[in-house]
$ cat structure-v1.json   # JSON, C-alpha atoms
[["chain", "number", "residue", "atom", "x", "y", "z"],
["A", 1270, "MET", "CA", -1.61, -6.23, -4.97],
["A", 1271, "HIS", "CA", -2.60, -8.53, -2.13],
["A", 1272, "ASN", "CA", -5.00, -11.44, -1.94],
["A", 1273, "PRO", "CA", -8.70, -10.74, -1.50],
["A", 1274, "PRO", "CA", -9.89, -10.66, 2.11],
["A", 1275, "GLU", "CA", -10.28, -14.02, 3.74],
["A", 1276, "THR", "CA", -13.33, -14.98, 5.73],
["A", 1277, "LEU", "CA", -13.14, -14.96, 9.51],
["A", 1278, "GLY", "CA", -13.16, -18.74, 9.47],
["A", 1279, "ASP", "CA", -10.26, -18.84, 7.01],
["A", 1280, "ILE", "CA", -8.22, -16.47, 9.17],
["A", 1281, "ILE", "CA", -8.84, -18.50, 12.33],
["A", 1282, "LYS", "CA", -8.18, -21.83, 10.62],
["A", 1283, "SER", "CA", -4.96, -20.57, 9.03],
["A", 1284, "ALA", "CA", -3.69, -19.16, 12.33],
["A", 1285, "ARG", "CA", -4.58, -22.40, 14.13],
["A", 1286, "GLN", "CA", -2.75, -24.51, 11.56],
["A", 1287, "GLN", "CA", 0.29, -22.21, 11.57],
["A", 1288, "THR", "CA", 0.38, -22.48, 15.36],
["A", 1289, "ASP", "CA", 0.25, -26.26, 14.95],
["A", 1290, "ILE", "CA", -2.70, -26.70, 17.31],
["A", 1291, "THR", "CA", -5.60, -29.06, 16.70],
["A", 1292, "ILE", "CA", -9.28, -28.11, 16.67],
["A", 1293, "GLU", "CA", -9.68, -30.17, 19.84],
["A", 1294, "GLU", "CA", -6.86, -28.35, 21.66],
["A", 1295, "LEU", "CA", -8.01, -24.88, 20.61],
["A", 1296, "ALA", "CA", -11.65, -25.57, 21.47],
["A", 1297, "GLU", "CA", -10.60, -26.68, 24.95],
["A", 1298, "LYS", "CA", -8.38, -23.63, 25.49],
["A", 1299, "VAL", "CA", -11.13, -21.26, 24.37],
["A", 1300, "GLY", "CA", -13.89, -23.10, 26.24],
["A", 1301, "ILE", "CA", -16.09, -24.08, 23.30],
["A", 1302, "THR", "CA", -17.02, -27.35, 21.65],
["A", 1303, "GLU", "CA", -15.03, -28.79, 18.78],
["A", 1304, "ARG", "CA", -18.17, -28.72, 16.64],
["A", 1305, "TYR", "CA", -18.67, -25.00, 17.31],
["A", 1306, "LEU", "CA", -15.05, -24.25, 16.33],
["A", 1307, "TYR", "CA", -15.44, -26.40, 13.21],
["A", 1308, "ARG", "CA", -18.54, -24.40, 12.26],
["A", 1309, "ILE", "CA", -16.66, -21.11, 12.76],
["A", 1310, "GLU", "CA", -13.76, -22.26, 10.59],
["A", 1311, "ASN", "CA", -15.70, -24.03, 7.85],
["A", 1312, "GLU", "CA", -19.35, -22.99, 7.82],
["A", 1313, "GLY", "CA", -19.21, -19.24, 8.34],
["A", 1314, "LYS", "CA", -20.57, -19.32, 11.91],
["A", 1315, "LYS", "CA", -19.96, -15.97, 13.59],
["A", 1316, "PRO", "CA", -18.63, -16.31, 17.15],
["A", 1317, "SER", "CA", -19.74, -14.12, 20.04],
["A", 1318, "TYR", "CA", -17.47, -11.27, 21.07],
["A", 1319, "ASP", "CA", -16.15, -13.28, 24.03],
["A", 1320, "VAL", "CA", -15.26, -16.26, 21.85],
["A", 1321, "LEU", "CA", -13.72, -14.06, 19.15],
["A", 1322, "PHE", "CA", -11.64, -12.27, 21.79],
["A", 1323, "LYS", "CA", -10.35, -15.60, 23.15],
["A", 1324, "LEU", "CA", -9.56, -16.91, 19.65],
["A", 1325, "ILE", "CA", -7.65, -13.75, 18.72],
["A", 1326, "ARG", "CA", -5.65, -13.91, 21.94],
["A", 1327, "GLU", "CA", -5.01, -17.65, 21.90],
["A", 1328, "LEU", "CA", -3.85, -17.64, 18.27],
["A", 1329, "SER", "CA", -2.09, -14.25, 18.43],
["A", 1330, "ILE", "CA", -4.07, -13.01, 15.44],
["A", 1331, "SER", "CA", -3.64, -9.38, 14.48],
["A", 1332, "PRO", "CA", -7.08, -7.78, 14.83],
["A", 1333, "ASP", "CA", -6.34, -5.89, 11.60],
["A", 1334, "LEU", "CA", -6.63, -9.18, 9.69],
["A", 1335, "ILE", "CA", -10.23, -9.42, 10.86],
["A", 1336, "PHE", "CA", -11.40, -5.83, 11.10],
["A", 1337, "TYR", "CA", -9.40, -4.29, 8.24],
["A", 1338, "PRO", "CA", -8.98, -7.13, 5.74],
["A", 1339, "GLU", "CA", -8.53, -4.68, 2.86],
["A", 1340, "LYS", "CA", -5.24, -3.44, 4.35],
["A", 1341, "PRO", "CA", -2.19, -5.23, 3.04],
["A", 1342, "SER", "CA", -1.00, -7.60, 5.72],
["A", 1343, "LYS", "CA", 2.48, -7.48, 7.16],
["A", 1344, "ASP", "CA", 5.07, -10.02, 6.19],
["A", 1345, "SER", "CA", 3.45, -13.38, 6.90],
["A", 1346, "GLU", "CA", 6.78, -14.91, 7.98],
["A", 1347, "ILE", "CA", 7.08, -12.33, 10.74],
["A", 1348, "GLU", "CA", 3.48, -12.94, 11.80],
["A", 1349, "ASN", "CA", 4.13, -16.69, 11.91],
["A", 1350, "LEU", "CA", 7.24, -16.13, 14.02],
["A", 1351, "LEU", "CA", 5.32, -13.90, 16.44],
["A", 1352, "ARG", "CA", 2.61, -16.56, 16.83],
["A", 1353, "MET", "CA", 5.27, -19.12, 17.71],
["A", 1354, "LEU", "CA", 6.94, -16.75, 20.18],
["A", 1355, "TYR", "CA", 3.68, -16.21, 22.05],
["A", 1356, "ASN", "CA", 3.59, -19.94, 22.73],
["A", 1357, "CYS", "CA", 7.13, -20.17, 24.12],
["A", 1358, "ASP", "CA", 7.83, -20.69, 27.78],
["A", 1359, "GLU", "CA", 10.43, -18.58, 29.63],
["A", 1360, "ARG", "CA", 13.33, -20.95, 28.89],
["A", 1361, "SER", "CA", 12.49, -21.12, 25.20],
["A", 1362, "MET", "CA", 12.31, -17.32, 25.01],
["A", 1363, "GLU", "CA", 15.80, -17.06, 26.50],
["A", 1364, "VAL", "CA", 17.12, -19.50, 23.87],
["A", 1365, "VAL", "CA", 15.40, -17.54, 21.08],
["A", 1366, "LYS", "CA", 16.79, -14.22, 22.33],
["A", 1367, "ALA", "CA", 20.31, -15.61, 22.62],
["A", 1368, "THR", "CA", 20.10, -17.12, 19.14],
["A", 1369, "VAL", "CA", 18.85, -13.89, 17.57],
["A", 1370, "LYS", "CA", 21.55, -11.89, 19.37],
["A", 1371, "VAL", "CA", 24.29, -14.17, 17.99],
["A", 1372, "LEU", "CA", 22.81, -14.04, 14.49],
["A", 1373, "ILE", "CA", 22.79, -10.24, 14.55],
["A", 1374, "GLU", "CA", 26.32, -10.03, 15.94],
["A", 1375, "THR", "CA", 27.74, -12.45, 13.38],
["A", 1376, "ALA", "CA", 25.82, -11.21, 10.35],
["A", 1377, "PRO", "CA", 28.00, -10.04, 7.46],
["A", 1378, "LYS", "CA", 28.44, -6.27, 7.43],
["A", 1379, "LYS", "CA", 26.64, -4.44, 4.65]]
$ encode --input "structure-v1.json" --output "structure tokens"
Amino acid sequence: MHNPPETLGDIIKSARQQTDITIEELAEKVGITERYLYRIENEGKKPSYDVLFKLIRELSISPDLIFYPEKPSKDSEIENLLRMLYNCDERSMEVVKATVKVLIETAPKK
């Protein structure tokens, strides 16, 4: 059994914190005020479609978390990793790919 559905604000706040981005930074990237973002995260304010779209994209949130909260979510560790990958530059992605390749190649055989 999974946890009860979170509110939209909880989902956004959790994704923001897992991405290690401040309210100030996210508000600037999305083009809204810090106060407005605070109200979305903590006071149940519902963002416009445009703002919601930007938040989902900026934080790499699975739309299923918002639109189908009753569905069991995927492994949260994988979701966290994907969020981090979306924020990598080209060099960092090459390092990540090389690291994963080596880990797979050197993993003990089952």
$ closest_residue --input "structure-v1.json" --among "A:Leu1277, A:Glu1327, A:Ile1301, A:Ala1296" --to "Lys1315 (chain A)" --atoms "all atoms listed in the file"
A:Leu1277
$ residues_around --input "structure-v1.json" --residues "region 1353-1369 of chain A" --least-positions-apart "6" --cutoff "12 Å" --atoms "only C-alpha atoms" --output "list in words"
Ala1284, Arg1285, Gln1286, Gln1287, Thr1288, Asp1289, Ile1290, Arg1326, Glu1327, Leu1328, Ser1329, Ile1330, Glu1346, Ile1347, Thr1375 and Ala1376 of chain A
$ residues_around --input "structure-v1.json" --residues "Gly1278 (chain A)" --least-positions-apart "3" --cutoff "12 Å" --atoms "only C-alpha atoms" --output "MDAnalysis selection string"
chainID A and resid 1274:1275 1281:1285 1305:1316 1321 1324:1325 1334:1335
$ write_last_selection --input "structure-v1.json" --atoms "C-alpha atoms" --output "short mmCIF file (atom, residue, chain, number, x, y, z; two decimals), in the coordinates of the input"
data_model
loop_
_atom_site.label_atom_id
_atom_site.label_comp_id
_atom_site.auth_asym_id
_atom_site.auth_seq_id
_atom_site.Cartn_x
_atom_site.Cartn_y
_atom_site.Cartn_z
CA PRO A 1274 -9.89 -10.66 2.11
CA GLU A 1275 -10.28 -14.02 3.74
CA ILE A 1281 -8.84 -18.50 12.33
CA LYS A 1282 -8.18 -21.83 10.62
CA SER A 1283 -4.96 -20.57 9.03
CA ALA A 1284 -3.69 -19.16 12.33
CA ARG A 1285 -4.58 -22.40 14.13
CA TYR A 1305 -18.67 -25.00 17.31
CA LEU A 1306 -15.05 -24.25 16.33
CA TYR A 1307 -15.44 -26.40 13.21
CA ARG A 1308 -18.54 -24.40 12.26
CA ILE A 1309 -16.66 -21.11 12.76
CA GLU A 1310 -13.76 -22.26 10.59
CA ASN A 1311 -15.70 -24.03 7.85
CA GLU A 1312 -19.35 -22.99 7.82
CA GLY A 1313 -19.21 -19.24 8.34
CA LYS A 1314 -20.57 -19.32 11.91
CA LYS A 1315 -19.96 -15.97 13.59
CA PRO A 1316 -18.63 -16.31 17.15
CA LEU A 1321 -13.72 -14.06 19.15
CA LEU A 1324 -9.56 -16.91 19.65
CA ILE A 1325 -7.65 -13.75 18.72
CA LEU A 1334 -6.63 -9.18 9.69
CA ILE A 1335 -10.23 -9.42 10.86
#
$ closest_residue --input "structure-v1.json" --among "A:Lys1370, A:Lys1379, A:Arg1352, A:Lys1298" --to "Lys1323 (chain A)" --atoms "only C-alpha atoms"
A:Lys1298
$ atom_distance --input "structure-v1.json" --atom1 "CA of Val1299 (chain A)" --atom2 "CA of Val1320 (chain A)"
7.0 Å
$ atom_distance --input "structure-v1.json" --atom1 "CA of Leu1350 (chain A)" --atom2 "CA of Glu1297 (chain A)"
23.4 Å
$ atom_distance --input "structure-v1.json" --atom1 "CA of Glu1303 (chain A)" --atom2 "CA of Glu1339 (chain A)"
29.6 Å
$ closest_residue --input "structure-v1.json" --among "A:Leu1372, A:Ile1280, A:Arg1304, A:Ile1292" --to "Pro1332 (chain A)" --atoms "all atoms listed in the file"
A:Ile1280
